[in-house]
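To start, the structure under review is shown below, and the notes come after it.
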There are 2 protein chains.
Amino acid sequence: MTTRGRKNSSITIVDVAREAGVSYSTVSRVVNDNSHVRPETRARVLNAMLRLGYVVNQQARSLRGGRSQVIGVLVPDVGNTYIGAIIQGIDSELAARQYHLMLYTTHRRKTKESAYVTTITRGMADGLLLLLPTNVEAYIESLQKLQFPHVLVDYQHVENAFTSTVQSTNWQGAYDATRYLIELGHRRIGYIVGQREMQCSLDRLAGYRAALADAGLPIDPELIYPGDFYRPQGYMAANHFLSLPNPPTAIFAANDLSAFGVMDAVLNSGRRIPEDISVIGFDDILEAGHVHPGLTTVRQPLEEMGRVAAQLLLKRLDNPDLPGERVEMATELIVRDSCAPAREGVGIPPEVSRRY
Amino acid sequence: MTTRGRKNSSITIVDVAREAGVSYSTVSRVVNDNSHVRPETRARVLNAMLRLGYVVNQQARSLRGGRSQVIGVLVPDVGNTYIGAIIQGIDSELAARQYHLMLYTTHRRKTKESAYVTTITRGMADGLLLLLPTNVEAYIESLQKLQFPHVLVDYQHVENAFTSTVQSTNWQGAYDATRYLIELGHRRIGYIVGQREMQCSLDRLAGYRAALADAGLPIDPELIYPGDFYRPQGYMAANHFLSLPNPPTAIFAANDLSAFGVMDAVLNSGRRIPEDISVIGFDDILEAGHVHPGLTTVRQPLEEMGRVAAQLLLKRLDNPDLPGERVEMATELIVRDSCAPAREGVGIPPEVSRRY
DNA sequence: GAGATTTTTGCAAACGTTCACACGAATTTC
DNA sequence: GAAATTCGTGTGAACGTTTGCAAAAATCTC
C-alpha cells in the first residue's frame, strides 16, 4: 500500500458507470439530475452510487467551469460573539443551500484584507461576504470590475450598483437610545465613539447628535470621547467622563463591548448602575443580557443580518444580472436594567465605596 | 461581454508561458520553485506573472493530485468565545502556512457531524480538525481507514495510533479547583457536570471526586447536578443547590458558561459572591475576567490548543507516516474574586435582598 | 409499419494544473 | 576534445468533472 492510499481509493464517476453498466456521462447526468434520463437507468445508477459510496469531487467540478460551492467569508476576527452571531446566520443559510463556508480572518491587518480578496476571487470561491470590512476602497473596485458577487455586512457608503450591502439602522438606533435617555431626564449624556474608519460609527454618532439637537440640548464636545469598539477603551473613556468636573449622568457606548468597559469603570469608581449613572450600549450581543445589571442596549438582529447577507449573495449567484441590493434592518431598543431616571447631584461617588 | 466575464478573464499558466516565451511547465516549475530553472528564465517568468496578475488555480492543482491547501474545521457552533478562541489559534497557524480554513458547524446535530466528515474527506480538504466532537464513533473509524489526517481537540478516549488529539489536563484542573475550595475551608461543594457524552466532562467530574476523596470528604450525590455546559442549566442547577436544606458553600461548574448561570442564580437569590457563596468555573473564557465579581476559574489555553492542533495536523500532512500524537496541555488555576473562605451559617440569604 | 419526431445515451473535448519522461545544451571528467 | 554527466526546458498524459454533439433507441404519426 502506498503512503497516500487516500486519493487512490476515491470512487469516480467512471467507477459508478462501470458498476451500473452505463457511460460516465449518464452518471454525470444523474448526479446533476437536470437532464433526461430514463427512470430505470437512473435507478440503476443511483443504486451503484450508493453501493460504491460515490461522492462528487468538487475540485473537478469547479475546474470544469461550474461553481465551487464555496463562499468566502472575511471577518476581522472570530473571538467575539458579535461576529459569531453573524457567522451563525450565514452558516445556517449556506448549509441549507449546500454551500461551503471558507473563513478568512484579517485581525484588522489592512494588507491581509485585500490580499485575501484577490485569492478568493480567483477560483477559490463563488462569492464573498465581507463582515465589518475596514479598507473597502482597496479592493471593492476590483470586485466590481471582475463582476465578482459580494455582499458587505455593516458597511454603508457604496454607490456602485453592483455591490450589495446589509446593515442595520444605525442612525435610528442611536437616535432612539439617546432619546430614551433624554426622556429619562438625562441632560448630560456621554458618548463613546466607535472606530472612526467604520461608517456605522459615524452614523451612530450622528444619531446621538440629532437626538440631542432635536431635544434642544447642547452638544458638549467634552462628552464625546473616541473609542474603538473594544472594552479597554470603553473603560478609559468612562474614567475620563467620571473625572470631569461636571460628569454626565448617562453614558452611551457605540457598542456593547465598550459599554462593558464603561460598567467596569463606573462600578470600580464606587458608583452604582443605574442609580448613579445610566449606561446604554449598542448591538445586544449575547452577554448584554448576562451582565449585572442587564445592559439596556440597541439590538441589531445579528444572526438575521448574516442570514440575509447570505441570501442576497446566493440570489445573486443564481442570477448574475441582478443589480446590487441594499438591505437595512431595523434596530430595536432593548430595555434592561442599566438605565434609570436622572437624579440630581449624581456623578458624585457615594460615601461608602463598595466594591463591584 | 458575456454574463460571466469572471471565469473567462482568469489568467492561466499558459498565458504566462506565452508572455514569457517559455513552455507552461517551466512556469509551473517557477510557481512551485522546487526544480532547477535558470535564474534568467525564472526572472522572466516571474515578471510575466506579475504583469499579468497570475494567481494559481487551486482547484486544478488539487485535482491533479496535489494538496488542496484546505483544512476542514468542524465545530459545534461558533457563537461563543470558547470555540472562537480555539478557532483563532487554528486560524493564525493555518494562515501562516498558507492554508485555507473551511468551517463546518454542526449545531449539535449528530447526523450532520458524520455527513460533513464524509464530504470533507472526499477531496474538499487535506485534513480535518474536530473541535469538541460528540459522536466520534460514527466516523472516526472511516477516517482511520482512509488514513485521512485529523486531530481531535478536547476529546480523549481514542486508542488508535493514527488519530491525534489535543486536550488540556481536565482531571488535574478540576482536582486543583476543588482542592482550592477545600483549602478555603469549604466542605460542601456543589458540582455541575458537563455534557455527559463528552469525555472532558467525565474527567473533570473525576477530578472533583478525587480531590474530595483525598481530603477525606464525603461525596454527596445531592451535590452533583447534571448540566450541559450552557448558562441556563447552570442557573437551574444553582437554584437546586440553593433550595437544599443544607446548601453547599461553594459551587464548582464544569465550565465558565455554567458558572455564569450559577452567578445569576446566586445573586438573584439575594446572596453575595463570594461572601455567601463561592463560585468557580472552568475554561477561563474571555468573559470570565469581565463579570462581577471576576470569576475564579481553571484556565485552558484555548488559543494555544487551537494552534497546537493545527501544527499537529500540518506536521502530519508533511509526513503521513508519522504516528498520531496525544498532546495534553496544562491547565492553570486563575484566582479572581468569586471565591472566599467558607463561613459558618452561609447559604442563608441575608435579610436585605439586594438587587443585582 | 415506415418515416418523423422525441427521448435517451455515449463520445470527446475541455477546465488548469503537475509530473514523469525525454531531449538538447552546458558542464565536467579524463 | 570526446565521452559522461548534469542542468534546463518542452511534450504529453492525467486528475474527475461537465457538456455539445451525434448516434441509438424509443415513441409517435399517419
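Going by the C-alpha cells order, chains are called A, B, ..., each with residues numbered from 1, while ligands are numbered from 1 in the order shown.
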>> Show me, as a PyMOL selection string, the residues of chain C whose atoms get within 8 Å of chain B, using only C-alpha atoms (C1' of nucleotides) for the distance check.
In response: chain C and resi 15-18
Residue subset to file, keeping all heavy atoms, as a short mmCIF file (atom, residue, chain, number, x, y, z; two decimals), in the first residue's frame:
```
data_model
loop_
_atom_site.label_atom_id
_atom_site.label_comp_id
_atom_site.auth_asym_id
_atom_site.auth_seq_id
_atom_site.Cartn_x
_atom_site.Cartn_y
_atom_site.Cartn_z
P DC C 15 -10.17 25.09 -22.25
OP1 DC C 15 -10.40 26.35 -22.95
OP2 DC C 15 -8.89 24.36 -22.38
"O5'" DC C 15 -10.37 25.32 -20.69
"C5'" DC C 15 -11.64 25.50 -20.08
"C4'" DC C 15 -11.56 25.04 -18.66
"O4'" DC C 15 -11.75 23.62 -18.63
"C3'" DC C 15 -10.18 25.25 -18.05
"O3'" DC C 15 -10.15 26.52 -17.40
"C2'" DC C 15 -10.05 24.10 -17.05
"C1'" DC C 15 -11.15 23.12 -17.47
N1 DC C 15 -10.69 21.73 -17.79
C2 DC C 15 -11.30 20.64 -17.17
O2 DC C 15 -12.21 20.86 -16.36
N3 DC C 15 -10.89 19.39 -17.47
C4 DC C 15 -9.91 19.21 -18.36
N4 DC C 15 -9.55 17.95 -18.63
C5 DC C 15 -9.28 20.31 -19.01
C6 DC C 15 -9.69 21.53 -18.70
P DG C 16 -8.93 27.52 -17.69
OP1 DG C 16 -9.33 28.86 -17.23
OP2 DG C 16 -8.46 27.32 -19.08
"O5'" DG C 16 -7.80 26.99 -16.72
"C5'" DG C 16 -7.99 27.12 -15.33
"C4'" DG C 16 -6.91 26.35 -14.62
"O4'" DG C 16 -7.00 24.96 -15.01
"C3'" DG C 16 -5.49 26.80 -14.97
"O3'" DG C 16 -4.81 26.98 -13.74
"C2'" DG C 16 -4.92 25.66 -15.80
"C1'" DG C 16 -5.71 24.48 -15.26
N9 DG C 16 -5.87 23.37 -16.19
C8 DG C 16 -6.06 23.43 -17.55
N7 DG C 16 -6.19 22.26 -18.11
C5 DG C 16 -6.08 21.35 -17.05
C6 DG C 16 -6.14 19.93 -17.05
O6 DG C 16 -6.30 19.17 -18.00
N1 DG C 16 -5.98 19.42 -15.76
C2 DG C 16 -5.78 20.18 -14.63
N2 DG C 16 -5.65 19.53 -13.49
N3 DG C 16 -5.72 21.52 -14.62
C4 DG C 16 -5.88 22.02 -15.86
P DT C 17 -3.35 27.53 -13.67
OP1 DT C 17 -3.36 28.76 -12.89
OP2 DT C 17 -2.71 27.52 -15.01
"O5'" DT C 17 -2.71 26.48 -12.70
"C5'" DT C 17 -2.10 25.40 -13.14
"C4'" DT C 17 -2.29 24.20 -12.28
"O4'" DT C 17 -3.15 23.33 -13.02
"C3'" DT C 17 -0.97 23.50 -12.09
"O3'" DT C 17 -0.57 23.68 -10.74
"C2'" DT C 17 -1.25 22.05 -12.40
"C1'" DT C 17 -2.59 22.04 -13.11
N1 DT C 17 -2.55 21.68 -14.56
C2 DT C 17 -2.54 20.35 -14.89
O2 DT C 17 -2.54 19.44 -14.08
N3 DT C 17 -2.51 20.10 -16.24
C4 DT C 17 -2.50 21.03 -17.25
O4 DT C 17 -2.50 20.67 -18.42
C5 DT C 17 -2.51 22.41 -16.83
C7 DT C 17 -2.51 23.49 -17.86
C6 DT C 17 -2.53 22.66 -15.51
P DT C 18 0.98 23.47 -10.41
OP1 DT C 18 1.13 23.84 -9.00
OP2 DT C 18 1.78 24.11 -11.47
"O5'" DT C 18 1.17 21.89 -10.57
"C5'" DT C 18 0.58 21.03 -9.61
"C4'" DT C 18 0.90 19.60 -9.97
"O4'" DT C 18 0.50 19.34 -11.34
"C3'" DT C 18 2.39 19.25 -9.88
"O3'" DT C 18 2.46 18.01 -9.22
"C2'" DT C 18 2.83 19.17 -11.34
"C1'" DT C 18 1.56 18.72 -12.04
N1 DT C 18 1.38 19.15 -13.47
C2 DT C 18 1.07 18.19 -14.41
O2 DT C 18 0.95 17.01 -14.15
N3 DT C 18 0.89 18.68 -15.68
C4 DT C 18 0.99 19.99 -16.10
O4 DT C 18 0.80 20.29 -17.27
C5 DT C 18 1.32 20.94 -15.07
C7 DT C 18 1.46 22.39 -15.41
C6 DT C 18 1.50 20.49 -13.81
#
```
> Which parts of region 117-277 of chain A does DSSP call strand (DSSP E) when run on the backbone here, written out as number ranges by chain?
Replying inline: A: 127-131, 150-153, 164-168, 189-192, 224-225, 250-253
Output N, CA and C atoms for every residue in that selection, as a PDB file, in the first residue's frame.
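Result saved to result_15.pdb:
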```
ATOM      1  N   GLY A 127     -18.435  33.382  -4.302  1.00  0.00           N
ATOM      2  CA  GLY A 127     -18.879  34.689  -3.841  1.00  0.00           C
ATOM      3  C   GLY A 127     -18.202  35.043  -2.538  1.00  0.00           C
ATOM      4  N   LEU A 128     -18.393  36.255  -2.132  1.00  0.00           N
ATOM      5  CA  LEU A 128     -17.657  36.752  -0.977  1.00  0.00           C
ATOM      6  C   LEU A 128     -18.564  37.566  -0.063  1.00  0.00           C
ATOM      7  N   LEU A 129     -18.462  37.260   1.221  1.00  0.00           N
ATOM      8  CA  LEU A 129     -19.200  38.004   2.235  1.00  0.00           C
ATOM      9  C   LEU A 129     -18.188  38.745   3.083  1.00  0.00           C
ATOM     10  N   LEU A 130     -18.336  40.037   3.184  1.00  0.00           N
ATOM     11  CA  LEU A 130     -17.363  40.817   3.951  1.00  0.00           C
ATOM     12  C   LEU A 130     -18.027  41.383   5.191  1.00  0.00           C
ATOM     13  N   LEU A 131     -17.579  40.935   6.365  1.00  0.00           N
ATOM     14  CA  LEU A 131     -18.153  41.437   7.601  1.00  0.00           C
ATOM     15  C   LEU A 131     -17.299  42.560   8.156  1.00  0.00           C
ATOM     16  N   HIS A 150     -20.572  39.790  -4.352  1.00  0.00           N
ATOM     17  CA  HIS A 150     -20.158  40.034  -2.979  1.00  0.00           C
ATOM     18  C   HIS A 150     -21.212  40.842  -2.246  1.00  0.00           C
ATOM     19  N   VAL A 151     -21.195  40.704  -0.924  1.00  0.00           N
ATOM     20  CA  VAL A 151     -22.116  41.454  -0.074  1.00  0.00           C
ATOM     21  C   VAL A 151     -21.326  41.997   1.113  1.00  0.00           C
ATOM     22  N   LEU A 152     -21.514  43.263   1.375  1.00  0.00           N
ATOM     23  CA  LEU A 152     -20.865  43.867   2.533  1.00  0.00           C
ATOM     24  C   LEU A 152     -21.847  43.891   3.695  1.00  0.00           C
ATOM     25  N   VAL A 153     -21.402  43.422   4.843  1.00  0.00           N
ATOM     26  CA  VAL A 153     -22.265  43.473   6.014  1.00  0.00           C
ATOM     27  C   VAL A 153     -21.749  44.552   6.942  1.00  0.00           C
ATOM     28  N   SER A 164     -23.830  44.693  -3.095  1.00  0.00           N
ATOM     29  CA  SER A 164     -24.962  44.621  -2.177  1.00  0.00           C
ATOM     30  C   SER A 164     -24.479  44.883  -0.757  1.00  0.00           C
ATOM     31  N   THR A 165     -25.347  45.438   0.044  1.00  0.00           N
ATOM     32  CA  THR A 165     -24.974  45.675   1.434  1.00  0.00           C
ATOM     33  C   THR A 165     -26.121  45.307   2.369  1.00  0.00           C
ATOM     34  N   VAL A 166     -25.742  44.907   3.567  1.00  0.00           N
ATOM     35  CA  VAL A 166     -26.718  44.651   4.623  1.00  0.00           C
ATOM     36  C   VAL A 166     -26.245  45.412   5.848  1.00  0.00           C
ATOM     37  N   GLN A 167     -27.130  46.131   6.447  1.00  0.00           N
ATOM     38  CA  GLN A 167     -26.742  46.808   7.674  1.00  0.00           C
ATOM     39  C   GLN A 167     -27.994  47.102   8.476  1.00  0.00           C
ATOM     40  N   SER A 168     -27.800  47.571   9.681  1.00  0.00           N
ATOM     41  CA  SER A 168     -28.972  47.916  10.465  1.00  0.00           C
ATOM     42  C   SER A 168     -29.108  49.440  10.497  1.00  0.00           C
ATOM     43  N   ILE A 189     -25.182  63.573  28.526  1.00  0.00           N
ATOM     44  CA  ILE A 189     -25.017  62.178  28.109  1.00  0.00           C
ATOM     45  C   ILE A 189     -23.686  62.005  27.405  1.00  0.00           C
ATOM     46  N   GLY A 190     -22.819  61.203  28.003  1.00  0.00           N
ATOM     47  CA  GLY A 190     -21.520  60.954  27.379  1.00  0.00           C
ATOM     48  C   GLY A 190     -21.660  59.972  26.226  1.00  0.00           C
ATOM     49  N   TYR A 191     -20.879  60.185  25.197  1.00  0.00           N
ATOM     50  CA  TYR A 191     -20.926  59.249  24.066  1.00  0.00           C
ATOM     51  C   TYR A 191     -19.531  58.745  23.742  1.00  0.00           C
ATOM     52  N   ILE A 192     -19.431  57.438  23.611  1.00  0.00           N
ATOM     53  CA  ILE A 192     -18.141  56.845  23.235  1.00  0.00           C
ATOM     54  C   ILE A 192     -18.239  56.376  21.794  1.00  0.00           C
ATOM     55  N   ILE A 224     -17.995  63.759  24.164  1.00  0.00           N
ATOM     56  CA  ILE A 224     -17.807  62.815  23.057  1.00  0.00           C
ATOM     57  C   ILE A 224     -16.369  62.338  23.091  1.00  0.00           C
ATOM     58  N   TYR A 225     -16.219  61.060  23.314  1.00  0.00           N
ATOM     59  CA  TYR A 225     -14.878  60.521  23.525  1.00  0.00           C
ATOM     60  C   TYR A 225     -14.574  59.446  22.489  1.00  0.00           C
ATOM     61  N   ALA A 250     -25.371  59.914  32.253  1.00  0.00           N
ATOM     62  CA  ALA A 250     -25.587  58.705  31.460  1.00  0.00           C
ATOM     63  C   ALA A 250     -24.475  58.581  30.433  1.00  0.00           C
ATOM     64  N   ILE A 251     -24.136  57.352  30.124  1.00  0.00           N
ATOM     65  CA  ILE A 251     -23.096  57.120  29.115  1.00  0.00           C
ATOM     66  C   ILE A 251     -23.632  56.163  28.052  1.00  0.00           C
ATOM     67  N   PHE A 252     -23.475  56.590  26.832  1.00  0.00           N
ATOM     68  CA  PHE A 252     -23.924  55.795  25.690  1.00  0.00           C
ATOM     69  C   PHE A 252     -22.675  55.333  24.946  1.00  0.00           C
ATOM     70  N   ALA A 253     -22.488  54.022  24.892  1.00  0.00           N
ATOM     71  CA  ALA A 253     -21.309  53.489  24.212  1.00  0.00           C
ATOM     72  C   ALA A 253     -21.713  52.972  22.835  1.00  0.00           C
TER      73      ALA A 253
END
```
Would you mind listing, for every residue of chain C within 8 Å of region 6-19 of chain D, the two atoms forming the shortest contact and the distance between them in Å to one decimal, using only C-alpha atoms (C1' of nucleotides), sorted by chain and ascending residue number, as a Markdown table?
```
| residue | atom | partner | partner_atom | distance |
| --- | --- | --- | --- | --- |
| C:DA25 | C1' | D:DG8 | C1' | 8.0 |
| C:DA26 | C1' | D:DC7 | C1' | 7.2 |
| C:DT27 | C1' | D:DT6 | C1' | 7.1 |
```
Write the residues of the selection above to a file with all heavy atoms, as a short mmCIF file (atom, residue, chain, number, x, y, z; two decimals), in the first residue's frame.
```cif
data_model
loop_
_atom_site.label_atom_id
_atom_site.label_comp_id
_atom_site.auth_asym_id
_atom_site.auth_seq_id
_atom_site.Cartn_x
_atom_site.Cartn_y
_atom_site.Cartn_z
P DA C 25 20.91 21.99 -28.93
OP1 DA C 25 20.61 23.15 -29.79
OP2 DA C 25 21.85 20.92 -29.40
"O5'" DA C 25 21.42 22.50 -27.52
"C5'" DA C 25 20.60 23.42 -26.79
"C4'" DA C 25 21.27 23.77 -25.48
"O4'" DA C 25 21.27 22.60 -24.61
"C3'" DA C 25 22.74 24.19 -25.63
"O3'" DA C 25 22.94 25.32 -24.80
"C2'" DA C 25 23.53 22.98 -25.15
"C1'" DA C 25 22.57 22.35 -24.13
N9 DA C 25 22.67 20.90 -24.01
C8 DA C 25 22.67 19.98 -25.03
N7 DA C 25 22.75 18.74 -24.60
C5 DA C 25 22.82 18.84 -23.23
C6 DA C 25 22.91 17.88 -22.20
N6 DA C 25 22.95 16.57 -22.42
N1 DA C 25 22.96 18.33 -20.93
C2 DA C 25 22.91 19.65 -20.71
N3 DA C 25 22.82 20.64 -21.59
C4 DA C 25 22.77 20.17 -22.84
P DA C 26 24.28 26.12 -24.81
OP1 DA C 26 23.96 27.56 -24.71
OP2 DA C 26 25.13 25.62 -25.92
"O5'" DA C 26 24.94 25.67 -23.44
"C5'" DA C 26 24.27 25.98 -22.21
"C4'" DA C 26 24.93 25.21 -21.08
"O4'" DA C 26 24.82 23.79 -21.33
"C3'" DA C 26 26.41 25.50 -20.89
"O3'" DA C 26 26.62 25.87 -19.54
"C2'" DA C 26 27.11 24.19 -21.24
"C1'" DA C 26 26.01 23.17 -20.93
N9 DA C 26 26.09 21.92 -21.68
C8 DA C 26 26.09 21.76 -23.05
N7 DA C 26 26.14 20.51 -23.43
C5 DA C 26 26.17 19.80 -22.25
C6 DA C 26 26.22 18.41 -21.97
N6 DA C 26 26.24 17.47 -22.92
N1 DA C 26 26.23 18.03 -20.67
C2 DA C 26 26.20 18.98 -19.73
N3 DA C 26 26.15 20.31 -19.86
C4 DA C 26 26.13 20.65 -21.16
P DT C 27 27.99 26.49 -19.08
OP1 DT C 27 27.69 27.55 -18.08
OP2 DT C 27 28.83 26.80 -20.28
"O5'" DT C 27 28.65 25.28 -18.31
"C5'" DT C 27 27.97 24.69 -17.21
"C4'" DT C 27 28.55 23.34 -16.92
"O4'" DT C 27 28.38 22.48 -18.08
"C3'" DT C 27 30.05 23.32 -16.63
"O3'" DT C 27 30.25 23.08 -15.25
"C2'" DT C 27 30.61 22.18 -17.50
"C1'" DT C 27 29.36 21.47 -17.97
N1 DT C 27 29.47 20.79 -19.31
C2 DT C 27 29.50 19.41 -19.34
O2 DT C 27 29.45 18.71 -18.36
N3 DT C 27 29.59 18.87 -20.60
C4 DT C 27 29.66 19.56 -21.81
O4 DT C 27 29.74 18.98 -22.87
C5 DT C 27 29.62 21.00 -21.70
C7 DT C 27 29.68 21.85 -22.92
C6 DT C 27 29.53 21.56 -20.46
#
```
> Taking the backbone alone, and naming residues the way the document does, which bits of region 11-148 of chain B are helix (DSSP H, G or I) by DSSP, as a ChimeraX atom specification?
Replying inline: /B:13-20,24-31,39-52,58-63,81-96,110-124,137-145
>> Between CA of Gly173 (chain B) and CA of Val298 (chain B), what distance in Å does the model show, to one decimal?
In response: 6.0 Å
> Given a cut-off of 6 Å, which residues of chain A touch chain B, counting only C-alpha atoms, written out as a ChimeraX atom specification?
Replying inline: /A:6,59-60,63,78-81,84-85,101-103,146,292-293
> For the atom pair CA of Ala259 (chain A) and CA of Ala237 (chain A), what is the interatomic distance in Å to one decimal place?
Replying inline: 9.9 Å
